[in-house]
Amino acid sequence: MVSIRARSFPRWRAPAAVAAGALPALAFPAPALWWFAYVALVPWMLLLRSAPTGRRAALEGWLGGAAFIVAVHHWLLPSLHVFLVPVAALLGLLWIPWALLVRELLGGVPSAGRTGAALVLVPAGWLLSELARSWQGLGGPWGLLGASQWQVPPALRLASVGGVWLVSLLVVAVNCALVLLVAVPGARVPAVAGVTGCAVLTGMVWLWVPRPEVSGRLRVAVVQPGLVADGPDSAERRFAAGERLTRALSGQPVDLVVWGESSVGGDLAARPDLAARLASLSSRVGAPLLVNVDARGSDSPGIRKSAVLMGPAGPTGDRYDKMRLVPFGEYVPARTLLGWATSVGKAAGEDRVPGDTPVVMNLPGRPDGRPGVRLGPLVCFESAFPDMSRRLARDGAALLVAQSATSSFQDSWAPAQHASLAALRAAETGRPMVHATLTGVSAVHGPSGERIGPALPTSASTAQVYEVPLARGTTLYVRFGDWAVAAALAALAAYCAAEGSRALRRPAAEPRPPRARTTRG
């Protein structure tokens with residue numbers, strides 16, 4: 001009788017994969033250890049390259065990916081509760097191809113050719129996972145590794161060339177080179193060459209890519225009312241707080257006043273009293289107000305979140321309805337199947353109605369004769385999508401404005417994470433961006449992604465005026481779009497084609513002869 005012993009693996013590998021996958025979260029706000037991103041993947045990659053089988057590498061890639069999602073989005077636990085775990089388990093599957101690439105290209109003693117391929121294909125594989133989970137239905141592009149570099153000027157300059165995607169590729173390439181330096185002594189020359197190449201590329205972009213040319217300034221007031229206790233009249237009390245803070249701006253030269261997401265809780269057509277109060281505020285401060293209406297429309301079914309521009313005579317006619325809704329927060333995907341999530345956490349009881357087109361609004365000419373400015377509004381987590389701000393810049397927006405509300409996650413990493421995205425979108429488009437919230441963190445970034453003035457913390461209830469520099473010209477990212485993504489996908493496709501061709505040319509293994517049968521007497 002022959003017994004077959006199942007292959008066993010050290011028990012520490014699974015928890016090690018979970019811990020290693022969670023490490024990169026420390027590079028994002030609130031810890032914001034941006035430098036840590038360049039080494040954060042090394043433990044995970046060292047584990048994957050030593051996986052004894054492809055199946056084991058896939059498992060550890062899945063566990064690490066799920067842990068990364070939980071670590072970056074842990075602040076969703078009060079809303080999603082245990083539902084965050086199956087969501088993370090689903091998204092973790094996206095890291096399996098990357099894990100297999102790491103084992104295939106970095107495992108053992110790779111040749112010079114395999115080492116060079118790893119420095120290109122391992123970052124491309126990581127980008128594939130980021131691209132897949134950036135689809136709105138899977139939660140959107142929150143926690144892209146390149147976004148951890150929001151406060152690093154050279155990285156922001158790279159973003160102006162290839163978007164946040166190019167920054168992600170560079171960060172993973174450095175991690176890959178460090179793995180080679182640590183684990184493969186014979187690959188130190190190509191590893192050093194890889195790190196040097198990343199540094200040279202960054203230096204060339206820093207020196208030769210033109211900076212946005214400042215063409216004027218706009219005085220923008222951000223109104224942050226602060227926390228308002230929940231209750232049946234919370235929307236009215238929030239409106240009154242914004243009204244009081246805006247009224248205090250009277251006498252200051254202001255070109256635009258921005259309120260946060262859901263700052264107006266009633267439809268302006270159905271509530272002419274609210275429209276009249278906003279018009280009076282606009283007249284008093286001498287500037288239009290960009291507010292955000294979160295209400296059931298009187299002229300259309302369902303609830304919409306809409307950026308509305310108000311002037312002294314009332315609504316100017318410029319209105320943008322939020323297009324990309326937050327999964328579970330503003331709608332439940334496949335509600336007939338996943339509607340039970342509303343009984344587990346704070347998922348949306350009713351689906352919001354999405355808008356269908358981006359809008360560029362026109363500010364009126366200013367009292368000193370300067371021409372009006374065109375602004376592109378975004379609502380909430382739409383500021384995480386590079387394609388949306390790029391589209392607004394291509395359509396002529398000179399100022400990007402994101403209206404947000406993260407009060408449900410007030411004491412977590414979420415407000416700081418959300419505010420940091422404005423720096424990336426500004427740098428990518430060469431357009432300044434205002435991130436205005438109800439309860440913080442509110443921030444303003446210039447056309448190179450640089451911080452303008454002080455950020456408003458979650459403890460603040462105030463109105464702050466910012467001198468926002470405007471810029472002319474077009475960045476390479478706005479002009480050429482996601483070319484870095486296309487290049488990464490092309491490299492992966494070429495690798496798959498080469499591997500497939502090699503497999504077809506490989507001679508088929510000869511069939512084994514049948515085992516001889518013996519008879520015992």
# chains A, B, ... in the order shown; residues from 1 in each chain; ligands from 1

$ residues_around --residues "stretch 151-158 of chain A" --least-positions-apart "4" --cutoff "7 Å" --atoms "only C-alpha atoms" --output "PyMOL selection string"
chain A and resi 162+166-167+202+205-206+424+427+449

$ write_last_selection --atoms "C-alpha atoms" --output "PDB file, in the first residue's frame"
ATOM      1  CA  GLY A 162       1.888  60.407 -16.902  1.00  0.00           C
ATOM      2  CA  LEU A 166       3.402  56.802 -13.774  1.00  0.00           C
ATOM      3  CA  VAL A 167       4.190  57.515 -10.130  1.00  0.00           C
ATOM      4  CA  THR A 202      12.613  61.877 -12.323  1.00  0.00           C
ATOM      5  CA  VAL A 205      11.197  65.475 -15.811  1.00  0.00           C
ATOM      6  CA  TRP A 206      12.007  67.885 -12.980  1.00  0.00           C
ATOM      7  CA  LEU A 424      -2.482  64.844  -7.478  1.00  0.00           C
ATOM      8  CA  ALA A 427      -0.473  68.459 -10.640  1.00  0.00           C
ATOM      9  CA  GLY A 449       0.154  70.451  -6.691  1.00  0.00           C
TER      10      GLY A 449
END

$ select_by_dssp --residues "stretch 326-451 of chain A" --states "strand (DSSP E)" --output "MDAnalysis selection string"
chainID A and resid 361:362 374:379 399:404 433:437 443:445

$ residues_around --residues "A:Val326" --least-positions-apart "2" --cutoff "10 Å" --atoms "only C-alpha atoms" --output "number ranges by chain"
A: 136-140, 323-324, 328-333, 348, 352, 380-382

$ select_by_dssp --residues "stretch 110-301 of chain A" --states "alpha helix (DSSP H)" --output "mmCIF file with N, CA and C atoms, in the first residue's frame"
data_model
loop_
_atom_site.group_PDB
_atom_site.id
_atom_site.type_symbol
_atom_site.label_atom_id
_atom_site.label_comp_id
_atom_site.auth_asym_id
_atom_site.auth_seq_id
_atom_site.Cartn_x
_atom_site.Cartn_y
_atom_site.Cartn_z
ATOM 1 N N ALA A 112 20.033 37.584 -16.238
ATOM 2 C CA ALA A 112 20.072 39.026 -16.499
ATOM 3 C C ALA A 112 18.836 39.473 -17.274
ATOM 4 N N GLY A 113 18.423 38.640 -18.260
ATOM 5 C CA GLY A 113 17.241 38.995 -19.025
ATOM 6 C C GLY A 113 15.991 38.995 -18.174
ATOM 7 N N ARG A 114 15.869 37.981 -17.276
ATOM 8 C CA ARG A 114 14.693 37.911 -16.421
ATOM 9 C C ARG A 114 14.695 39.062 -15.410
ATOM 10 N N THR A 115 15.877 39.461 -14.964
ATOM 11 C CA THR A 115 15.969 40.591 -14.036
ATOM 12 C C THR A 115 15.501 41.882 -14.697
ATOM 13 N N GLY A 116 15.978 42.114 -15.926
ATOM 14 C CA GLY A 116 15.530 43.305 -16.640
ATOM 15 C C GLY A 116 14.038 43.302 -16.899
ATOM 16 N N ALA A 117 13.508 42.128 -17.253
ATOM 17 C CA ALA A 117 12.066 42.017 -17.481
ATOM 18 C C ALA A 117 11.292 42.286 -16.199
ATOM 19 N N ALA A 118 11.820 41.826 -15.062
ATOM 20 C CA ALA A 118 11.127 42.024 -13.785
ATOM 21 C C ALA A 118 10.974 43.502 -13.456
ATOM 22 N N LEU A 119 11.998 44.294 -13.758
ATOM 23 C CA LEU A 119 11.943 45.727 -13.438
ATOM 24 C C LEU A 119 10.871 46.460 -14.244
ATOM 25 N N VAL A 120 10.429 45.847 -15.333
ATOM 26 C CA VAL A 120 9.352 46.431 -16.141
ATOM 27 C C VAL A 120 8.022 45.759 -15.848
ATOM 28 N N LEU A 121 8.005 44.449 -15.802
ATOM 29 C CA LEU A 121 6.748 43.699 -15.740
ATOM 30 C C LEU A 121 6.146 43.639 -14.347
ATOM 31 N N VAL A 122 6.979 43.601 -13.303
ATOM 32 C CA VAL A 122 6.418 43.584 -11.947
ATOM 33 C C VAL A 122 5.677 44.896 -11.652
ATOM 34 N N PRO A 123 6.240 46.077 -11.960
ATOM 35 C CA PRO A 123 5.440 47.308 -11.812
ATOM 36 C C PRO A 123 4.203 47.311 -12.694
ATOM 37 N N ALA A 124 4.313 46.782 -13.915
ATOM 38 C CA ALA A 124 3.147 46.743 -14.800
ATOM 39 C C ALA A 124 2.061 45.842 -14.226
ATOM 40 N N GLY A 125 2.460 44.719 -13.614
ATOM 41 C CA GLY A 125 1.483 43.837 -12.998
ATOM 42 C C GLY A 125 0.776 44.489 -11.833
ATOM 43 N N TRP A 126 1.533 45.247 -11.031
ATOM 44 C CA TRP A 126 0.896 45.981 -9.930
ATOM 45 C C TRP A 126 -0.100 46.998 -10.484
ATOM 46 N N LEU A 127 0.297 47.702 -11.539
ATOM 47 C CA LEU A 127 -0.592 48.703 -12.122
ATOM 48 C C LEU A 127 -1.865 48.061 -12.657
ATOM 49 N N LEU A 128 -1.772 46.827 -13.147
ATOM 50 C CA LEU A 128 -2.956 46.128 -13.628
ATOM 51 C C LEU A 128 -3.976 45.958 -12.511
ATOM 52 N N SER A 129 -3.503 45.611 -11.314
ATOM 53 C CA SER A 129 -4.429 45.466 -10.185
ATOM 54 C C SER A 129 -5.039 46.816 -9.811
ATOM 55 N N GLU A 130 -4.233 47.880 -9.854
ATOM 56 C CA GLU A 130 -4.772 49.205 -9.538
ATOM 57 C C GLU A 130 -5.802 49.637 -10.570
ATOM 58 N N LEU A 131 -5.520 49.353 -11.822
ATOM 59 C CA LEU A 131 -6.434 49.747 -12.885
ATOM 60 C C LEU A 131 -7.767 49.017 -12.748
ATOM 61 N N ALA A 132 -7.717 47.721 -12.441
ATOM 62 C CA ALA A 132 -8.947 46.931 -12.331
ATOM 63 C C ALA A 132 -9.814 47.426 -11.187
ATOM 64 N N ARG A 133 -9.218 47.696 -10.040
ATOM 65 C CA ARG A 133 -10.044 48.111 -8.898
ATOM 66 C C ARG A 133 -10.429 49.583 -8.975
ATOM 67 N N PRO A 153 7.300 67.046 -4.380
ATOM 68 C CA PRO A 153 7.292 67.820 -5.628
ATOM 69 C C PRO A 153 7.791 67.066 -6.856
ATOM 70 N N PRO A 154 8.921 66.323 -6.804
ATOM 71 C CA PRO A 154 9.338 65.604 -8.015
ATOM 72 C C PRO A 154 8.304 64.570 -8.477
ATOM 73 N N ALA A 155 7.643 63.904 -7.525
ATOM 74 C CA ALA A 155 6.610 62.935 -7.897
ATOM 75 C C ALA A 155 5.409 63.634 -8.520
ATOM 76 N N LEU A 156 5.066 64.814 -8.016
ATOM 77 C CA LEU A 156 3.958 65.566 -8.598
ATOM 78 C C LEU A 156 4.298 66.007 -10.025
ATOM 79 N N ARG A 157 5.570 66.312 -10.261
ATOM 80 C CA ARG A 157 5.971 66.672 -11.624
ATOM 81 C C ARG A 157 5.824 65.459 -12.556
ATOM 82 N N LEU A 158 6.156 64.260 -12.048
ATOM 83 C CA LEU A 158 5.939 63.042 -12.828
ATOM 84 C C LEU A 158 4.460 62.856 -13.139
ATOM 85 N N ALA A 159 3.609 63.171 -12.165
ATOM 86 C CA ALA A 159 2.171 63.040 -12.389
ATOM 87 C C ALA A 159 1.686 63.953 -13.506
ATOM 88 N N SER A 160 2.337 65.108 -13.675
ATOM 89 C CA SER A 160 1.941 66.010 -14.758
ATOM 90 C C SER A 160 2.280 65.427 -16.126
ATOM 91 N N VAL A 161 3.154 64.426 -16.140
ATOM 92 C CA VAL A 161 3.564 63.791 -17.397
ATOM 93 C C VAL A 161 2.737 62.545 -17.684
ATOM 94 N N GLY A 162 2.583 61.679 -16.687
ATOM 95 C CA GLY A 162 1.888 60.407 -16.902
ATOM 96 C C GLY A 162 0.812 60.100 -15.894
ATOM 97 N N GLY A 163 0.383 61.085 -15.125
ATOM 98 C CA GLY A 163 -0.657 60.846 -14.144
ATOM 99 C C GLY A 163 -0.144 60.074 -12.943
ATOM 100 N N VAL A 164 -1.033 59.803 -12.016
ATOM 101 C CA VAL A 164 -0.675 59.037 -10.822
ATOM 102 C C VAL A 164 -0.171 57.651 -11.192
ATOM 103 N N TRP A 165 -0.571 57.155 -12.376
ATOM 104 C CA TRP A 165 -0.152 55.824 -12.826
ATOM 105 C C TRP A 165 1.367 55.753 -13.009
ATOM 106 N N LEU A 166 1.955 56.792 -13.566
ATOM 107 C CA LEU A 166 3.402 56.802 -13.774
ATOM 108 C C LEU A 166 4.130 56.795 -12.434
ATOM 109 N N VAL A 167 3.581 57.492 -11.455
ATOM 110 C CA VAL A 167 4.190 57.515 -10.130
ATOM 111 C C VAL A 167 4.119 56.126 -9.499
ATOM 112 N N SER A 168 2.995 55.445 -9.640
ATOM 113 C CA SER A 168 2.873 54.080 -9.114
ATOM 114 C C SER A 168 3.911 53.158 -9.745
ATOM 115 N N LEU A 169 4.069 53.256 -11.057
ATOM 116 C CA LEU A 169 5.056 52.413 -11.741
ATOM 117 C C LEU A 169 6.449 52.643 -11.181
ATOM 118 N N LEU A 170 6.821 53.896 -10.972
ATOM 119 C CA LEU A 170 8.156 54.202 -10.471
ATOM 120 C C LEU A 170 8.342 53.673 -9.052
ATOM 121 N N VAL A 171 7.340 53.837 -8.196
ATOM 122 C CA VAL A 171 7.456 53.380 -6.808
ATOM 123 C C VAL A 171 7.639 51.864 -6.757
ATOM 124 N N VAL A 172 6.865 51.122 -7.550
ATOM 125 C CA VAL A 172 6.982 49.661 -7.542
ATOM 126 C C VAL A 172 8.317 49.234 -8.151
ATOM 127 N N ALA A 173 8.788 49.947 -9.163
ATOM 128 C CA ALA A 173 10.082 49.613 -9.769
ATOM 129 C C ALA A 173 11.209 49.736 -8.744
ATOM 130 N N VAL A 174 11.171 50.765 -7.901
ATOM 131 C CA VAL A 174 12.197 50.915 -6.858
ATOM 132 C C VAL A 174 12.109 49.755 -5.868
ATOM 133 N N ASN A 175 10.903 49.378 -5.465
ATOM 134 C CA ASN A 175 10.743 48.226 -4.570
ATOM 135 C C ASN A 175 11.312 46.957 -5.203
ATOM 136 N N CYS A 176 11.053 46.781 -6.483
ATOM 137 C CA CYS A 176 11.535 45.601 -7.197
ATOM 138 C C CYS A 176 13.066 45.574 -7.218
ATOM 139 N N ALA A 177 13.671 46.715 -7.484
ATOM 140 C CA ALA A 177 15.131 46.785 -7.507
ATOM 141 C C ALA A 177 15.720 46.480 -6.135
ATOM 142 N N LEU A 178 15.068 46.947 -5.073
ATOM 143 C CA LEU A 178 15.556 46.664 -3.724
ATOM 144 C C LEU A 178 15.468 45.179 -3.397
ATOM 145 N N VAL A 179 14.423 44.509 -3.865
ATOM 146 C CA VAL A 179 14.316 43.062 -3.662
ATOM 147 C C VAL A 179 15.494 42.353 -4.325
ATOM 148 N N LEU A 180 15.833 42.758 -5.531
ATOM 149 C CA LEU A 180 16.973 42.157 -6.229
ATOM 150 C C LEU A 180 18.276 42.416 -5.469
ATOM 151 N N LEU A 181 18.443 43.610 -4.953
ATOM 152 C CA LEU A 181 19.655 43.922 -4.200
ATOM 153 C C LEU A 181 19.771 43.070 -2.943
ATOM 154 N N VAL A 182 18.637 42.829 -2.285
ATOM 155 C CA VAL A 182 18.642 42.094 -1.030
ATOM 156 C C VAL A 182 18.785 40.592 -1.254
ATOM 157 N N ALA A 183 18.054 40.049 -2.235
ATOM 158 C CA ALA A 183 17.911 38.600 -2.352
ATOM 159 C C ALA A 183 18.728 37.961 -3.465
ATOM 160 N N ARG A 188 22.843 42.575 -8.795
ATOM 161 C CA ARG A 188 23.002 43.923 -8.238
ATOM 162 C C ARG A 188 23.241 44.970 -9.309
ATOM 163 N N VAL A 189 23.937 44.611 -10.379
ATOM 164 C CA VAL A 189 24.198 45.593 -11.435
ATOM 165 C C VAL A 189 22.901 46.055 -12.094
ATOM 166 N N PRO A 190 22.037 45.134 -12.584
ATOM 167 C CA PRO A 190 20.776 45.620 -13.155
ATOM 168 C C PRO A 190 19.868 46.280 -12.121
ATOM 169 N N ALA A 191 19.949 45.846 -10.863
ATOM 170 C CA ALA A 191 19.129 46.479 -9.833
ATOM 171 C C ALA A 191 19.545 47.929 -9.617
ATOM 172 N N VAL A 192 20.856 48.150 -9.503
ATOM 173 C CA VAL A 192 21.350 49.523 -9.354
ATOM 174 C C VAL A 192 21.012 50.345 -10.599
ATOM 175 N N ALA A 193 21.115 49.704 -11.762
ATOM 176 C CA ALA A 193 20.760 50.411 -12.998
ATOM 177 C C ALA A 193 19.285 50.795 -12.990
ATOM 178 N N GLY A 194 18.425 49.920 -12.437
ATOM 179 C CA GLY A 194 17.003 50.237 -12.370
ATOM 180 C C GLY A 194 16.724 51.424 -11.476
ATOM 181 N N VAL A 195 17.347 51.444 -10.280
ATOM 182 C CA VAL A 195 17.155 52.572 -9.369
ATOM 183 C C VAL A 195 17.702 53.853 -9.996
ATOM 184 N N THR A 196 18.858 53.730 -10.638
ATOM 185 C CA THR A 196 19.461 54.897 -11.289
ATOM 186 C C THR A 196 18.561 55.421 -12.410
ATOM 187 N N GLY A 197 17.975 54.484 -13.166
ATOM 188 C CA GLY A 197 17.077 54.899 -14.237
ATOM 189 C C GLY A 197 15.870 55.651 -13.714
ATOM 190 N N CYS A 198 15.303 55.190 -12.592
ATOM 191 C CA CYS A 198 14.160 55.896 -11.989
ATOM 192 C C CYS A 198 14.571 57.304 -11.555
ATOM 193 N N ALA A 199 15.782 57.406 -10.958
ATOM 194 C CA ALA A 199 16.253 58.709 -10.509
ATOM 195 C C ALA A 199 16.520 59.641 -11.694
ATOM 196 N N VAL A 200 17.111 59.095 -12.757
ATOM 197 C CA VAL A 200 17.403 59.911 -13.939
ATOM 198 C C VAL A 200 16.111 60.389 -14.597
ATOM 199 N N LEU A 201 15.132 59.494 -14.715
ATOM 200 C CA LEU A 201 13.851 59.885 -15.295
ATOM 201 C C LEU A 201 13.214 61.009 -14.498
ATOM 202 N N THR A 202 13.206 60.841 -13.172
ATOM 203 C CA THR A 202 12.613 61.877 -12.323
ATOM 204 C C THR A 202 13.363 63.201 -12.468
ATOM 205 N N GLY A 203 14.699 63.127 -12.522
ATOM 206 C CA GLY A 203 15.485 64.345 -12.675
ATOM 207 C C GLY A 203 15.244 65.040 -14.010
ATOM 208 N N MET A 204 15.144 64.245 -15.076
ATOM 209 C CA MET A 204 14.886 64.830 -16.392
ATOM 210 C C MET A 204 13.529 65.526 -16.423
ATOM 211 N N VAL A 205 12.529 64.864 -15.844
ATOM 212 C CA VAL A 205 11.197 65.475 -15.811
ATOM 213 C C VAL A 205 11.234 66.753 -14.988
ATOM 214 N N TRP A 206 11.940 66.712 -13.857
ATOM 215 C CA TRP A 206 12.007 67.885 -12.980
ATOM 216 C C TRP A 206 12.678 69.061 -13.676
ATOM 217 N N LEU A 207 13.720 68.774 -14.458
ATOM 218 C CA LEU A 207 14.486 69.853 -15.073
ATOM 219 C C LEU A 207 13.872 70.352 -16.368
ATOM 220 N N TRP A 208 13.295 69.475 -17.148
ATOM 221 C CA TRP A 208 12.927 69.832 -18.516
ATOM 222 C C TRP A 208 11.430 70.009 -18.764
ATOM 223 N N SER A 234 -30.915 68.770 11.425
ATOM 224 C CA SER A 234 -29.465 68.944 11.245
ATOM 225 C C SER A 234 -29.141 69.663 9.936
ATOM 226 N N ALA A 235 -29.910 69.386 8.860
ATOM 227 C CA ALA A 235 -29.639 70.041 7.578
ATOM 228 C C ALA A 235 -29.852 71.547 7.685
ATOM 229 N N GLU A 236 -30.896 71.960 8.409
ATOM 230 C CA GLU A 236 -31.159 73.389 8.564
ATOM 231 C C GLU A 236 -30.092 74.051 9.432
ATOM 232 N N ARG A 237 -29.642 73.354 10.476
ATOM 233 C CA ARG A 237 -28.607 73.920 11.335
ATOM 234 C C ARG A 237 -27.274 74.009 10.593
ATOM 235 N N ARG A 238 -26.992 73.048 9.740
ATOM 236 C CA ARG A 238 -25.765 73.099 8.940
ATOM 237 C C ARG A 238 -25.824 74.277 7.965
ATOM 238 N N PHE A 239 -26.989 74.468 7.342
ATOM 239 C CA PHE A 239 -27.155 75.597 6.422
ATOM 240 C C PHE A 239 -26.961 76.916 7.169
ATOM 241 N N ALA A 240 -27.517 77.014 8.360
ATOM 242 C CA ALA A 240 -27.410 78.252 9.131
ATOM 243 C C ALA A 240 -25.955 78.522 9.523
ATOM 244 N N ALA A 241 -25.212 77.460 9.853
ATOM 245 C CA ALA A 241 -23.800 77.651 10.197
ATOM 246 C C ALA A 241 -23.017 78.152 8.990
ATOM 247 N N GLY A 242 -23.265 77.591 7.817
ATOM 248 C CA GLY A 242 -22.605 78.065 6.606
ATOM 249 C C GLY A 242 -23.005 79.487 6.282
ATOM 250 N N GLU A 243 -24.256 79.802 6.509
ATOM 251 C CA GLU A 243 -24.756 81.154 6.261
ATOM 252 C C GLU A 243 -24.045 82.163 7.168
ATOM 253 N N ARG A 244 -23.902 81.820 8.439
ATOM 254 C CA ARG A 244 -23.256 82.722 9.394
ATOM 255 C C ARG A 244 -21.794 82.959 9.021
ATOM 256 N N LEU A 245 -21.078 81.903 8.671
ATOM 257 C CA LEU A 245 -19.664 82.040 8.314
ATOM 258 C C LEU A 245 -19.483 82.819 7.017
ATOM 259 N N THR A 246 -20.392 82.627 6.066
ATOM 260 C CA THR A 246 -20.306 83.353 4.794
ATOM 261 C C THR A 246 -20.588 84.832 5.000
ATOM 262 N N ARG A 247 -21.545 85.120 5.858
ATOM 263 C CA ARG A 247 -21.888 86.523 6.125
ATOM 264 C C ARG A 247 -20.690 87.268 6.703
ATOM 265 N N PRO A 272 -37.945 78.010 -2.103
ATOM 266 C CA PRO A 272 -37.500 79.337 -2.545
ATOM 267 C C PRO A 272 -36.910 80.164 -1.411
ATOM 268 N N ASP A 273 -37.264 79.835 -0.162
ATOM 269 C CA ASP A 273 -36.673 80.577 0.959
ATOM 270 C C ASP A 273 -35.171 80.336 1.049
ATOM 271 N N LEU A 274 -34.743 79.080 0.807
ATOM 272 C CA LEU A 274 -33.301 78.792 0.811
ATOM 273 C C LEU A 274 -32.605 79.495 -0.345
ATOM 274 N N ALA A 275 -33.231 79.478 -1.524
ATOM 275 C CA ALA A 275 -32.648 80.155 -2.681
ATOM 276 C C ALA A 275 -32.504 81.651 -2.421
ATOM 277 N N ALA A 276 -33.487 82.231 -1.770
ATOM 278 C CA ALA A 276 -33.440 83.662 -1.480
ATOM 279 C C ALA A 276 -32.323 83.980 -0.481
ATOM 280 N N ARG A 277 -32.134 83.140 0.507
ATOM 281 C CA ARG A 277 -31.071 83.363 1.493
ATOM 282 C C ARG A 277 -29.693 83.262 0.836
ATOM 283 N N LEU A 278 -29.532 82.311 -0.073
ATOM 284 C CA LEU A 278 -28.254 82.167 -0.768
ATOM 285 C C LEU A 278 -28.003 83.351 -1.693
ATOM 286 N N ALA A 279 -29.050 83.805 -2.384
ATOM 287 C CA ALA A 279 -28.905 84.965 -3.260
ATOM 288 C C ALA A 279 -28.519 86.206 -2.451
ATOM 289 N N SER A 280 -29.110 86.352 -1.272
ATOM 290 C CA SER A 280 -28.792 87.483 -0.410
ATOM 291 C C SER A 280 -27.331 87.425 0.041
ATOM 292 N N LEU A 281 -26.847 86.211 0.353
ATOM 293 C CA LEU A 281 -25.448 86.059 0.736
ATOM 294 C C LEU A 281 -24.523 86.451 -0.405
ATOM 295 N N SER A 282 -24.837 85.998 -1.624
ATOM 296 C CA SER A 282 -24.024 86.336 -2.786
ATOM 297 C C SER A 282 -23.955 87.836 -2.980
ATOM 298 N N SER A 283 -25.086 88.495 -2.819
ATOM 299 C CA SER A 283 -25.116 89.952 -2.968
ATOM 300 C C SER A 283 -24.297 90.633 -1.876
ATOM 301 N N ARG A 284 -24.372 90.081 -0.675
ATOM 302 C CA ARG A 284 -23.687 90.711 0.456
ATOM 303 C C ARG A 284 -22.170 90.596 0.343
ATOM 304 N N VAL A 285 -21.666 89.432 -0.065
ATOM 305 C CA VAL A 285 -20.205 89.255 -0.146
ATOM 306 C C VAL A 285 -19.664 89.680 -1.495
#

$ residues_around --residues "A:Leu399" --least-positions-apart "5" --cutoff "7 Å" --atoms "only C-alpha atoms" --output "short mmCIF file (atom, residue, chain, number, x, y, z; two decimals) with C-alpha atoms, in the first residue's frame"
data_model
loop_
_atom_site.label_atom_id
_atom_site.label_comp_id
_atom_site.auth_asym_id
_atom_site.auth_seq_id
_atom_site.Cartn_x
_atom_site.Cartn_y
_atom_site.Cartn_z
CA ARG A 374 -14.34 78.77 -15.82
CA LEU A 375 -14.49 76.18 -13.05
CA GLY A 376 -14.94 72.42 -13.12
CA ARG A 431 -4.98 73.55 -12.71
CA PRO A 432 -5.41 74.67 -9.09
CA MET A 433 -7.85 72.64 -7.03
#

$ closest_residue --among "A:Met361, A:Ala422, A:Ala67, A:Ala295" --to "A:Thr316" --atoms "only C-alpha atoms"
A:Met361

$ closest_residue --among "A:Gly339, A:Pro78, A:Gly260, A:Gly265" --to "A:Leu378" --atoms "only C-alpha atoms"
A:Gly260

$ residues_around --residues "A:Val291" --least-positions-apart "3" --cutoff "8 Å" --atoms "only C-alpha atoms" --output "ChimeraX atom specification"
/A:258-261,263-264,307-310

$ atom_distance --atom1 "atom CA of A:Ser298" --atom2 "atom CA of A:Gly349"
20.1 Å

$ atom_distance --atom1 "atom CA of A:Leu46" --atom2 "atom CA of A:Ala17"
10.1 Å

$ closest_residue --among "A:Ala460, A:Ala397, A:Leu105, A:Leu268" --to "A:Tyr495" --atoms "only C-alpha atoms"
A:Leu105
